[in-house]
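Enquirer: This one is target.tsv, TSV, C-alpha atoms.
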chain	number	residue	atom	x	y	z
A	1	MET	CA	106.90	79.16	98.90
A	2	GLU	CA	110.61	79.87	98.56
A	3	LYS	CA	112.77	79.76	101.69
A	4	PHE	CA	115.73	82.08	102.39
A	5	ASP	CA	118.17	82.40	105.24
A	6	ILE	CA	117.57	86.13	105.41
A	7	ILE	CA	115.17	88.58	103.79
A	8	ILE	CA	116.38	92.19	103.63
A	9	ILE	CA	113.66	94.79	103.23
A	10	GLY	CA	115.20	97.82	101.54
A	11	GLY	CA	117.91	98.04	98.89
A	12	GLY	CA	119.69	101.22	99.93
A	13	PRO	CA	123.25	101.43	101.30
A	14	ALA	CA	122.37	99.60	104.53
A	15	GLY	CA	120.47	96.80	102.81
A	16	LEU	CA	123.04	96.34	100.05
A	17	ASN	CA	125.98	96.36	102.44
A	18	ALA	CA	124.32	93.77	104.66
A	19	ALA	CA	123.46	91.70	101.59
A	20	MET	CA	127.08	91.89	100.44
A	21	ARG	CA	128.39	90.70	103.83
A	22	LEU	CA	125.82	87.92	104.25
A	23	SER	CA	126.04	86.66	100.67
A	24	ASN	CA	129.81	86.39	101.01
A	25	MET	CA	129.24	84.26	104.12
A	26	ASN	CA	127.22	81.99	101.77
A	27	TYR	CA	123.81	82.76	103.26
A	28	LYS	CA	120.89	82.65	100.85
A	29	THR	CA	119.66	86.25	100.77
A	30	LEU	CA	116.63	88.02	99.29
A	31	VAL	CA	116.55	91.82	98.93
A	32	LEU	CA	113.17	93.48	98.41
A	33	GLU	CA	113.33	97.07	97.12
A	34	LYS	CA	110.22	99.19	96.54
A	35	GLU	CA	111.84	101.48	93.94
A	36	LYS	CA	112.63	100.56	90.34
A	37	VAL	CA	116.37	100.58	91.05
A	38	ILE	CA	118.50	99.68	94.05
A	39	GLY	CA	120.73	102.18	95.82
A	40	GLY	CA	118.26	104.26	97.81
A	41	LYS	CA	119.33	107.86	98.42
A	42	LEU	CA	122.72	107.20	96.81
A	43	ASN	CA	120.83	107.67	93.54
A	44	GLN	CA	119.78	111.19	94.55
A	45	TRP	CA	123.17	112.45	95.65
A	46	ASP	CA	126.11	113.50	93.54
A	47	LYS	CA	128.95	113.72	96.09
A	48	LEU	CA	129.16	112.82	99.77
A	49	PHE	CA	130.54	114.92	102.61
A	50	PRO	CA	133.12	115.58	103.90
A	51	ASP	CA	135.53	114.37	101.18
A	52	PHE	CA	133.30	114.78	98.08
A	53	THR	CA	133.34	111.07	97.26
A	54	PRO	CA	130.98	110.39	94.31
A	55	ALA	CA	127.91	108.56	95.61
A	56	ILE	CA	127.95	106.37	92.51
A	57	ASP	CA	131.33	104.97	93.61
A	58	VAL	CA	129.83	103.71	96.86
A	59	LEU	CA	126.90	102.15	95.02
A	60	LYS	CA	129.23	100.55	92.48
A	61	TYR	CA	131.36	99.03	95.25
A	62	LEU	CA	128.30	97.48	96.91
A	63	THR	CA	126.75	96.03	93.76
A	64	GLU	CA	130.01	94.66	92.40
A	65	ASN	CA	130.86	92.84	95.63
A	66	ILE	CA	127.57	91.09	96.29
A	67	LYS	CA	127.92	87.35	95.70
A	68	GLN	CA	125.32	86.99	92.96
A	69	GLU	CA	124.78	83.22	93.28
A	70	ASN	CA	123.64	83.68	96.88
A	71	THR	CA	121.55	86.81	96.37
A	72	GLN	CA	118.18	87.49	94.78
A	73	ILE	CA	117.12	91.11	94.33
A	74	SER	CA	113.54	92.10	93.55
A	75	THR	CA	112.84	95.76	92.65
A	76	SER	CA	109.47	97.59	92.44
A	77	THR	CA	108.49	95.38	95.36
A	78	SER	CA	107.24	96.58	98.72
A	79	VAL	CA	106.31	94.47	101.73
A	80	THR	CA	102.66	94.36	102.75
A	81	LYS	CA	102.71	91.79	105.53
A	82	ILE	CA	105.08	90.05	107.95
A	83	ASP	CA	103.89	87.11	110.03
A	84	LYS	CA	105.50	84.53	112.26
A	85	SER	CA	105.03	81.07	110.72
A	86	ASP	CA	106.09	78.39	113.18
A	87	ASN	CA	109.78	79.17	113.77
A	88	LEU	CA	110.15	81.20	110.57
A	89	TRP	CA	109.09	84.61	109.29
A	90	LYS	CA	106.66	84.80	106.37
A	91	VAL	CA	106.91	87.92	104.22
A	92	THR	CA	104.25	88.91	101.69
A	93	ASP	CA	105.13	91.43	99.00
A	94	SER	CA	103.08	93.83	96.86
A	95	ASN	CA	102.91	91.23	94.07
A	96	ASN	CA	101.29	88.75	96.48
A	97	ASN	CA	104.41	86.59	96.55
A	98	GLU	CA	105.13	84.88	99.87
A	99	TYR	CA	108.58	83.99	101.18
A	100	LEU	CA	109.89	82.26	104.29
A	101	ALA	CA	113.08	83.18	106.12
A	102	ASP	CA	114.91	82.43	109.32
A	103	ALA	CA	115.56	86.15	109.82
A	104	VAL	CA	114.39	89.52	108.52
A	105	LEU	CA	116.48	92.67	108.32
A	106	ILE	CA	114.67	96.01	108.05
A	107	THR	CA	116.67	98.66	106.16
A	108	THR	CA	113.83	100.80	104.81
A	109	GLY	CA	115.69	104.08	105.27
A	110	PHE	CA	114.30	107.60	105.34
A	111	ASP	CA	112.45	110.19	103.30
A	112	VAL	CA	113.35	113.86	103.15
A	113	PHE	CA	111.01	116.34	104.79
A	114	ASP	CA	108.31	117.72	102.46
A	115	ALA	CA	109.33	121.39	102.24
A	116	ARG	CA	105.83	122.38	101.09
A	117	ARG	CA	104.74	121.95	104.69
A	118	LYS	CA	106.78	125.06	105.57
A	119	GLU	CA	104.49	127.43	103.70
A	120	GLU	CA	106.36	130.53	104.84
A	121	TYR	CA	109.32	129.49	102.66
A	122	GLY	CA	107.31	129.23	99.43
A	123	TYR	CA	108.65	125.93	98.13
A	124	GLY	CA	106.58	124.88	95.11
A	125	ILE	CA	105.34	128.46	94.77
A	126	TYR	CA	108.43	130.53	94.00
A	127	PRO	CA	110.67	129.05	91.26
A	128	CYS	CA	113.87	130.24	92.95
A	129	VAL	CA	113.13	128.32	96.17
A	130	ILE	CA	114.48	124.77	95.93
A	131	THR	CA	115.56	122.00	98.30
A	132	SER	CA	119.01	120.53	98.94
A	133	VAL	CA	117.90	117.46	96.95
A	134	ASP	CA	116.99	119.66	93.96
A	135	LEU	CA	120.35	121.42	94.19
A	136	GLU	CA	122.23	118.12	94.30
A	137	LYS	CA	120.70	117.17	90.96
A	138	MET	CA	121.94	120.47	89.51
A	139	LEU	CA	125.42	119.93	90.91
A	140	GLU	CA	125.56	116.56	89.21
A	141	THR	CA	125.22	118.35	85.86
A	142	GLY	CA	127.76	121.02	86.82
A	143	THR	CA	125.23	123.81	86.19
A	144	ILE	CA	123.16	125.92	88.59
A	145	ASN	CA	119.77	126.65	87.02
A	146	PHE	CA	118.71	130.14	88.08
A	147	PRO	CA	115.05	130.91	87.23
A	148	ILE	CA	115.95	134.46	86.18
A	149	GLU	CA	118.68	135.01	83.62
A	150	THR	CA	120.89	138.05	84.12
A	151	SER	CA	124.46	139.13	83.52
A	152	ASP	CA	124.47	142.57	85.11
A	153	ARG	CA	124.95	141.60	88.78
A	154	ARG	CA	126.46	139.02	91.10
A	155	ARG	CA	124.30	136.06	91.92
A	156	ARG	CA	123.19	135.72	95.53
A	157	ILE	CA	122.31	132.30	97.00
A	158	ALA	CA	120.95	131.48	100.48
A	159	PHE	CA	120.95	128.20	102.36
A	160	ILE	CA	118.38	127.77	105.15
A	161	GLN	CA	119.12	125.17	107.81
A	162	CYS	CA	116.80	122.97	109.90
A	163	VAL	CA	113.86	122.84	107.47
A	164	GLY	CA	111.65	120.21	109.06
A	165	SER	CA	114.05	119.47	111.91
A	166	ARG	CA	114.08	120.78	115.50
A	167	ASP	CA	110.70	122.24	114.64
A	168	GLU	CA	107.64	121.97	116.87
A	169	LYS	CA	105.38	123.26	114.10
A	170	SER	CA	106.24	120.33	111.84
A	171	GLY	CA	106.14	117.85	114.73
A	172	ASN	CA	109.82	116.93	114.45
A	173	HIS	CA	111.77	117.73	117.60
A	174	PHE	CA	114.91	115.86	116.54
A	175	CYS	CA	118.05	117.05	114.76
A	176	SER	CA	118.64	115.45	111.35
A	177	ARG	CA	122.43	115.59	111.91
A	178	ASN	CA	123.35	115.70	108.20
A	179	CYS	CA	122.03	119.11	107.16
A	180	CYS	CA	124.73	121.38	108.63
A	181	ILE	CA	127.67	119.71	106.93
A	182	CYS	CA	125.66	119.09	103.77
A	183	ALA	CA	125.02	122.84	103.46
A	184	VAL	CA	128.75	123.50	103.85
A	185	LYS	CA	129.54	120.94	101.14
A	186	GLN	CA	126.93	122.31	98.77
A	187	ALA	CA	127.93	125.93	99.42
A	188	ILE	CA	131.50	125.10	98.38
A	189	GLU	CA	130.25	123.34	95.26
A	190	VAL	CA	128.04	126.30	94.34
A	191	LYS	CA	131.04	128.63	94.68
A	192	GLU	CA	133.05	126.32	92.43
A	193	VAL	CA	130.33	126.39	89.76
A	194	VAL	CA	129.54	130.13	90.15
A	195	PRO	CA	132.76	131.67	91.56
A	196	ASP	CA	131.53	135.27	91.46
A	197	SER	CA	128.40	134.56	93.52
A	198	ASP	CA	127.65	135.57	97.12
A	199	VAL	CA	126.59	132.62	99.28
A	200	TYR	CA	124.91	132.92	102.69
A	201	CYS	CA	123.99	130.18	105.15
A	202	PHE	CA	121.31	130.94	107.76
A	203	TYR	CA	121.52	128.62	110.76
A	204	MET	CA	120.27	128.10	114.31
A	205	ASP	CA	123.60	126.64	115.37
A	206	LEU	CA	126.18	124.61	113.48
A	207	ARG	CA	126.74	121.01	114.55
A	208	MET	CA	130.04	119.95	113.02
A	209	PHE	CA	130.29	116.69	114.95
A	210	GLY	CA	132.15	114.48	112.48
A	211	GLN	CA	135.77	113.98	111.55
A	212	HIS	CA	136.91	116.69	109.08
A	213	TYR	CA	133.56	118.53	109.39
A	214	GLU	CA	134.96	121.51	111.29
A	215	GLU	CA	137.85	121.72	108.85
A	216	LEU	CA	135.45	121.81	105.89
A	217	TYR	CA	133.40	124.52	107.61
A	218	ARG	CA	136.51	126.66	108.08
A	219	ARG	CA	137.61	126.03	104.52
A	220	SER	CA	134.23	127.19	103.20
A	221	GLN	CA	134.84	130.58	104.83
A	222	GLN	CA	138.57	130.99	104.28
A	223	GLU	CA	138.82	129.72	100.70
A	224	PHE	CA	135.32	130.27	99.32
A	225	ASN	CA	134.06	133.25	101.33
A	226	VAL	CA	130.79	131.60	102.34
A	227	ASN	CA	128.89	133.83	104.79
A	228	PHE	CA	127.26	132.29	107.88
A	229	VAL	CA	124.41	134.13	109.60
A	230	ARG	CA	123.01	132.84	112.88
A	231	GLY	CA	119.30	133.45	112.78
A	232	ARG	CA	115.99	131.80	112.02
A	233	VAL	CA	114.38	132.87	108.74
A	234	SER	CA	110.83	134.09	109.33
A	235	GLU	CA	109.54	134.73	105.82
A	236	ILE	CA	110.32	134.55	102.11
A	237	ALA	CA	108.36	136.77	99.71
A	238	PRO	CA	108.53	137.41	95.95
A	239	THR	CA	109.97	140.56	94.37
A	240	PHE	CA	108.82	142.37	91.23
A	241	ASP	CA	111.60	140.75	89.19
A	242	ASN	CA	110.77	137.19	90.33
A	243	ARG	CA	113.53	136.90	92.87
A	244	VAL	CA	112.72	136.57	96.59
A	245	VAL	CA	113.22	138.69	99.69
A	246	LEU	CA	114.33	136.83	102.78
A	247	LYS	CA	113.57	138.18	106.24
A	248	ALA	CA	115.43	136.96	109.31
A	249	GLU	CA	117.05	138.10	112.53
A	250	ASP	CA	120.80	138.03	112.99
A	251	THR	CA	120.89	136.83	116.59
A	252	LEU	CA	124.62	137.49	116.95
A	253	LEU	CA	124.30	141.15	115.98
A	254	SER	CA	120.74	141.51	117.38
A	255	ARG	CA	119.38	143.15	114.27
A	256	PRO	CA	116.89	142.27	111.52
A	257	VAL	CA	118.07	141.08	108.13
A	258	LYS	CA	116.27	141.70	104.84
A	259	MET	CA	118.05	140.51	101.69
A	260	THR	CA	117.16	139.67	98.09
A	261	PHE	CA	118.28	136.35	96.61
A	262	ASP	CA	118.38	134.69	93.20
A	263	LEU	CA	118.18	131.21	94.71
A	264	VAL	CA	117.19	129.88	98.14
A	265	VAL	CA	118.10	126.32	99.11
A	266	LEU	CA	116.08	124.66	101.88
A	267	MET	CA	118.12	122.08	103.79
A	268	VAL	CA	115.41	119.48	104.28
A	269	GLY	CA	115.77	117.08	107.18
A	270	MET	CA	115.32	113.33	107.49
A	271	ASN	CA	111.99	111.66	108.28
A	272	PRO	CA	111.19	107.94	108.52
A	273	SER	CA	110.12	106.60	105.12
A	274	GLU	CA	106.58	105.41	104.55
A	275	GLY	CA	107.91	101.86	104.37
A	276	THR	CA	109.62	102.32	107.73
A	277	LYS	CA	106.42	103.64	109.31
A	278	THR	CA	104.37	100.77	107.87
A	279	LEU	CA	106.70	97.94	108.89
A	280	SER	CA	107.52	99.33	112.33
A	281	SER	CA	103.80	99.70	113.01
A	282	LEU	CA	102.97	96.21	111.69
A	283	LEU	CA	105.57	94.68	114.01
A	284	ASP	CA	104.83	97.05	116.90
A	285	ILE	CA	108.44	98.21	117.07
A	286	ASN	CA	107.87	101.89	116.26
A	287	ASP	CA	108.64	105.08	118.18
A	288	GLU	CA	106.56	108.28	118.26
A	289	TYR	CA	107.87	109.39	114.86
A	290	GLY	CA	107.55	106.03	113.09
A	291	TYR	CA	111.21	104.95	113.25
A	292	VAL	CA	112.07	101.36	114.14
A	293	VAL	CA	113.07	100.95	117.79
A	294	SER	CA	116.05	98.70	118.47
A	295	GLN	CA	116.22	96.47	121.52
A	296	ASP	CA	118.91	98.56	123.22
A	297	GLU	CA	120.77	101.45	121.60
A	298	HIS	CA	123.93	100.72	123.58
A	299	VAL	CA	124.36	96.94	123.52
A	300	ALA	CA	121.76	95.49	121.10
A	301	ASP	CA	121.21	98.20	118.53
A	302	ASN	CA	120.65	95.86	115.56
A	303	LEU	CA	118.17	93.67	117.43
A	304	THR	CA	114.47	94.32	117.98
A	305	ASN	CA	112.08	92.91	120.54
A	306	LYS	CA	110.95	90.43	117.87
A	307	ALA	CA	113.27	87.42	117.76
A	308	GLY	CA	114.72	87.07	114.26
A	309	VAL	CA	113.87	90.63	113.19
A	310	PHE	CA	116.89	92.91	112.88
A	311	VAL	CA	117.33	96.57	111.96
A	312	ALA	CA	120.07	98.68	110.39
A	313	GLY	CA	120.56	102.16	108.99
A	314	THR	CA	118.42	105.27	108.91
A	315	CYS	CA	115.13	103.48	109.51
A	316	LYS	CA	115.95	103.72	113.23
A	317	ARG	CA	117.53	107.18	113.45
A	318	GLN	CA	119.47	109.82	111.53
A	319	LEU	CA	122.86	108.52	110.36
A	320	THR	CA	125.51	109.52	107.85
A	321	VAL	CA	126.44	107.19	104.97
A	322	PRO	CA	129.61	105.90	106.71
A	323	GLU	CA	127.63	105.31	109.92
A	324	THR	CA	124.95	103.49	107.92
A	325	MET	CA	127.52	101.24	106.31
A	326	LYS	CA	129.12	100.38	109.65
A	327	ASP	CA	125.70	99.70	111.16
A	328	ALA	CA	124.94	97.28	108.33
A	329	ASP	CA	128.23	95.50	109.00
A	330	SER	CA	127.21	95.10	112.62
A	331	ALA	CA	123.77	93.83	111.64
A	332	ALA	CA	125.29	91.22	109.33
A	333	ILE	CA	127.41	89.88	112.20
A	334	GLU	CA	124.39	89.73	114.52
A	335	ILE	CA	122.36	87.90	111.88
A	336	ALA	CA	125.15	85.41	111.17
A	337	ASN	CA	125.43	84.66	114.89
A	338	PHE	CA	121.66	84.20	115.09
A	339	LEU	CA	121.57	81.86	112.08
A	340	ASN	CA	124.50	79.81	113.39
A	341	ARG	CA	122.61	79.17	116.62
A	342	ARG	CA	119.54	77.77	114.86
So that I can check it, write out the structure of this file as C-alpha cells.
Expert:
Amino acid sequence: MEKFDIIIIGGGPAGLNAAMRLSNMNYKTLVLEKEKVIGGKLNQWDKLFPDFTPAIDVLKYLTENIKQENTQISTSTSVTKIDKSDNLWKVTDSNNNEYLADAVLITTGFDVFDARRKEEYGYGIYPCVITSVDLEKMLETGTINFPIETSDRRRRIAFIQCVGSRDEKSGNHFCSRNCCICAVKQAIEVKEVVPDSDVYCFYMDLRMFGQHYEELYRRSQQEFNVNFVRGRVSEIAPTFDNRVVLKAEDTLLSRPVKMTFDLVVLMVGMNPSEGTKTLSSLLDINDEYGYVVSQDEHVADNLTNKAGVFVAGTCKRQLTVPETMKDADSAAIEIANFLNRR
C-alpha cells in the first residue's frame, strides 16, 4: 500500500493549484480525478470573466508548474471509501487500489444544475433552448448554432438568470454568484459573433459584486446594446416556425412581456457534485445541500472537523475561478503547517 504525504481528491483548478504548491514544497502528492482528463470545469469553458482570459491558459499554467517528480495523477478514478488507519488516512479508489496519507484534501468541485428539472423552460424539448454551458462550447468555435436558418430578419437571443438558484421549487435557496456576470460576458461574446442580433437578459436582480464586474455590465449596454429586463420568466412555448415564445413580467414597468426568440440561454447555477455529496456524507462533514462544511468560515475555512482532512474550492460553496485558486493556495499552506507538525 503506497504512502503519500497528501492525497488530493479532485483534479480541477483547486486540486491542481494545491498540487502545484505542495509538490513545489517537495511533498509527495497523489491527485485522484474521476474524469478522463484533469482540469475540471476549465475544460468546459472557453473564456473567463471579467477579462476574457482563455480557460486553457489557466489550465496550462497549472499543469506546467506542477513538480512532476513529486506528483502522481490518476484519472478515471473516483474515491469509494475513506477510513482512519492508526494516525493516517486510508483512501480506496474505484479500481480497488488503497493508499495511505498523512492528510487528505477534498477539491471535488461542483456540477451545474440540470436544466431539465425546470420543465417550464423546455430544455431538452425545444432545440433553441440551451444552457450557458452549451453556449460556451459554441463560443469556443466562434459560431452560434441557431436551430432555424434564416436570413430575412435579425436574430433575437434571450438569457434567463437564476435557473436552479434562489429557487424553492428546485430546493436551492442559495445564489450561485457566477451567473450574473457570466451572462454579461456571454452576451457580449454573442454580439461579437452576431453583431446584428438583439440580445435580452431577464433577471431577478443583478449581483455585480466583483472587481470590474459593474464596468463590464455597463459596457455590455453602452457598447453592445444588450437589453436587461427585470422579471422572472414564467413560461417558454414553441411557435409554428420552431422558435419559442417567452412570457415574463417586466417588474420595473409593471407590465407583461411576450417575445419570440431564436435562441434562449438558461444560466444554470452551481450544485455540489456527486463526488462532493458522497465524500461529505461519508465523512459526516456535509451541509443540507451536500457541500463540504469547513471548520469555521472565518478563521479555519480550509479545515474540517476531521483532523487531517482539508477542503478547498467549490465543493464547499460557490466561488469564482480566482477565488478558487486563492482558496487552494490557503489550503496548501494549512496542509504544509499540519505536515510540519507531525
Enquirer: Please determine, counting only C-alpha atoms, which residue among A:Val299, A:Val292, A:Ala183, A:Ile56 has the shortest atom-to-atom distance to Ala312 in chain A.
Expert: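 Using only C-alpha atoms, the shortest distance to Ala312 in chain A belongs to A:Val292.
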Enquirer: Please indicate the distance in Å from CA of Asn225 in chain A to CA of Ile181 in chain A, rounded to one decimal place.
Expert: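 Separation of CA of Asn225 in chain A and CA of Ile181 in chain A: 16.0 Å.
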Enquirer: Around the point (110.6, 120.2, 110.0) (coordinates from the file), which residues reach within 10 Å if we count all atoms listed in the file? Answer as number ranges by chain.
Expert: A: 112-115, 117-118, 162-176, 267-271
Enquirer: Using all atoms listed in the file for the distances, tell me which of A:Glu33, A:Asp102, A:Asp111, A:Asp205 is nearest to Ile335 in chain A.
Expert: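 Checking each candidate against Ile335 in chain A, we get A:Asp102 as the closest.
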Enquirer: Just the number, please: distance in Å from CA of Asn96 in chain A to CA of Leu339 in chain A, one decimal.
Expert: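 Separation of CA of Asn96 in chain A and CA of Leu339 in chain A: 26.5 Å.
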Enquirer: List the spatial neighbours of Ala300 in chain A as a list in words - criterion: any atom at most 10 Å away, only C-alpha atoms, same-chain residues fewer than 4 positions off excluded.
Expert: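 Result of the neighbour search: Ser294, Gln295, Asp296, Thr304, Phe310, Ala331 and Glu334 of chain A.
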Enquirer: Once you count all atoms listed in the file, what closest atom pair and distance in Å to one decimal does each residue of range 249-312 of chain A within 12 Å of range 141-144 of chain A have, with rows by chain and rising residue number, as CSV?
Expert:
residue,atom,partner,partner_atom,distance
A:Asp262,CA,A:Ile144,CA,11.0
A:Leu263,CA,A:Ile144,CA,9.5
A:Val264,CA,A:Ile144,CA,11.9
A:Val265,CA,A:Ile144,CA,11.7
Enquirer: Within 7 Å of (115.8, 109.4, 112.5), all atoms listed in the file: residues as a list of chain:residue names?
Expert: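 The answer, in the requested form, is A:Ser176, A:Met270, A:Asn271, A:Pro272, A:Tyr291, A:Thr314, A:Cys315, A:Lys316, A:Arg317, A:Gln318.
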Enquirer: So, with all atoms listed in the file as the atoms that count, which of A:Lys277, A:Lys84, A:Lys306, A:Lys185 lies closest to Tyr217 in chain A?
Expert: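 Once distances to Tyr217 in chain A are computed over all atoms listed in the file, the minimum belongs to A:Lys185.
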Enquirer: Got a sec: who's within 9 Å of Glu274 in chain A, counting all atoms listed in the file, leaving out chain neighbours fewer than 6 positions off, as a PDB file with C-alpha atoms, keeping the file's coordinate frame?
Expert:
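Result file is around37.pdb:
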ATOM      1  CA  THR A 108     113.830 100.800 104.810  1.00  0.00           C
ATOM      2  CA  PHE A 110     114.300 107.600 105.340  1.00  0.00           C
ATOM      3  CA  ASP A 111     112.450 110.190 103.300  1.00  0.00           C
ATOM      4  CA  GLY A 290     107.550 106.030 113.090  1.00  0.00           C
TER       5      GLY A 290
END
Enquirer: I'd like the neighbourhood of Ile148 in chain A as an mmCIF file with C-alpha atoms, in the frame of the given file, where a residue qualifies if any of its atoms comes within 10 Å (using only C-alpha atoms), though same-chain residues fewer than 6 positions away should be ignored.
Expert:
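The result, stored in selection-v1.cif:
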data_model
loop_
_atom_site.group_PDB
_atom_site.id
_atom_site.type_symbol
_atom_site.label_atom_id
_atom_site.label_comp_id
_atom_site.auth_asym_id
_atom_site.auth_seq_id
_atom_site.Cartn_x
_atom_site.Cartn_y
_atom_site.Cartn_z
ATOM 1 C CA PRO A 127 110.670 129.050 91.260
ATOM 2 C CA CYS A 128 113.870 130.240 92.950
ATOM 3 C CA ASP A 241 111.600 140.750 89.190
ATOM 4 C CA ASN A 242 110.770 137.190 90.330
ATOM 5 C CA ARG A 243 113.530 136.900 92.870
ATOM 6 C CA ASP A 262 118.380 134.690 93.200
ATOM 7 C CA LEU A 263 118.180 131.210 94.710
#
Enquirer: Work out how far apart CA of Ser330 in chain A and CA of Asp5 in chain A are and give it in Å to one decimal.
Expert: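 If I compute the distance from CA of Ser330 in chain A to CA of Asp5 in chain A, I get 17.2 Å.
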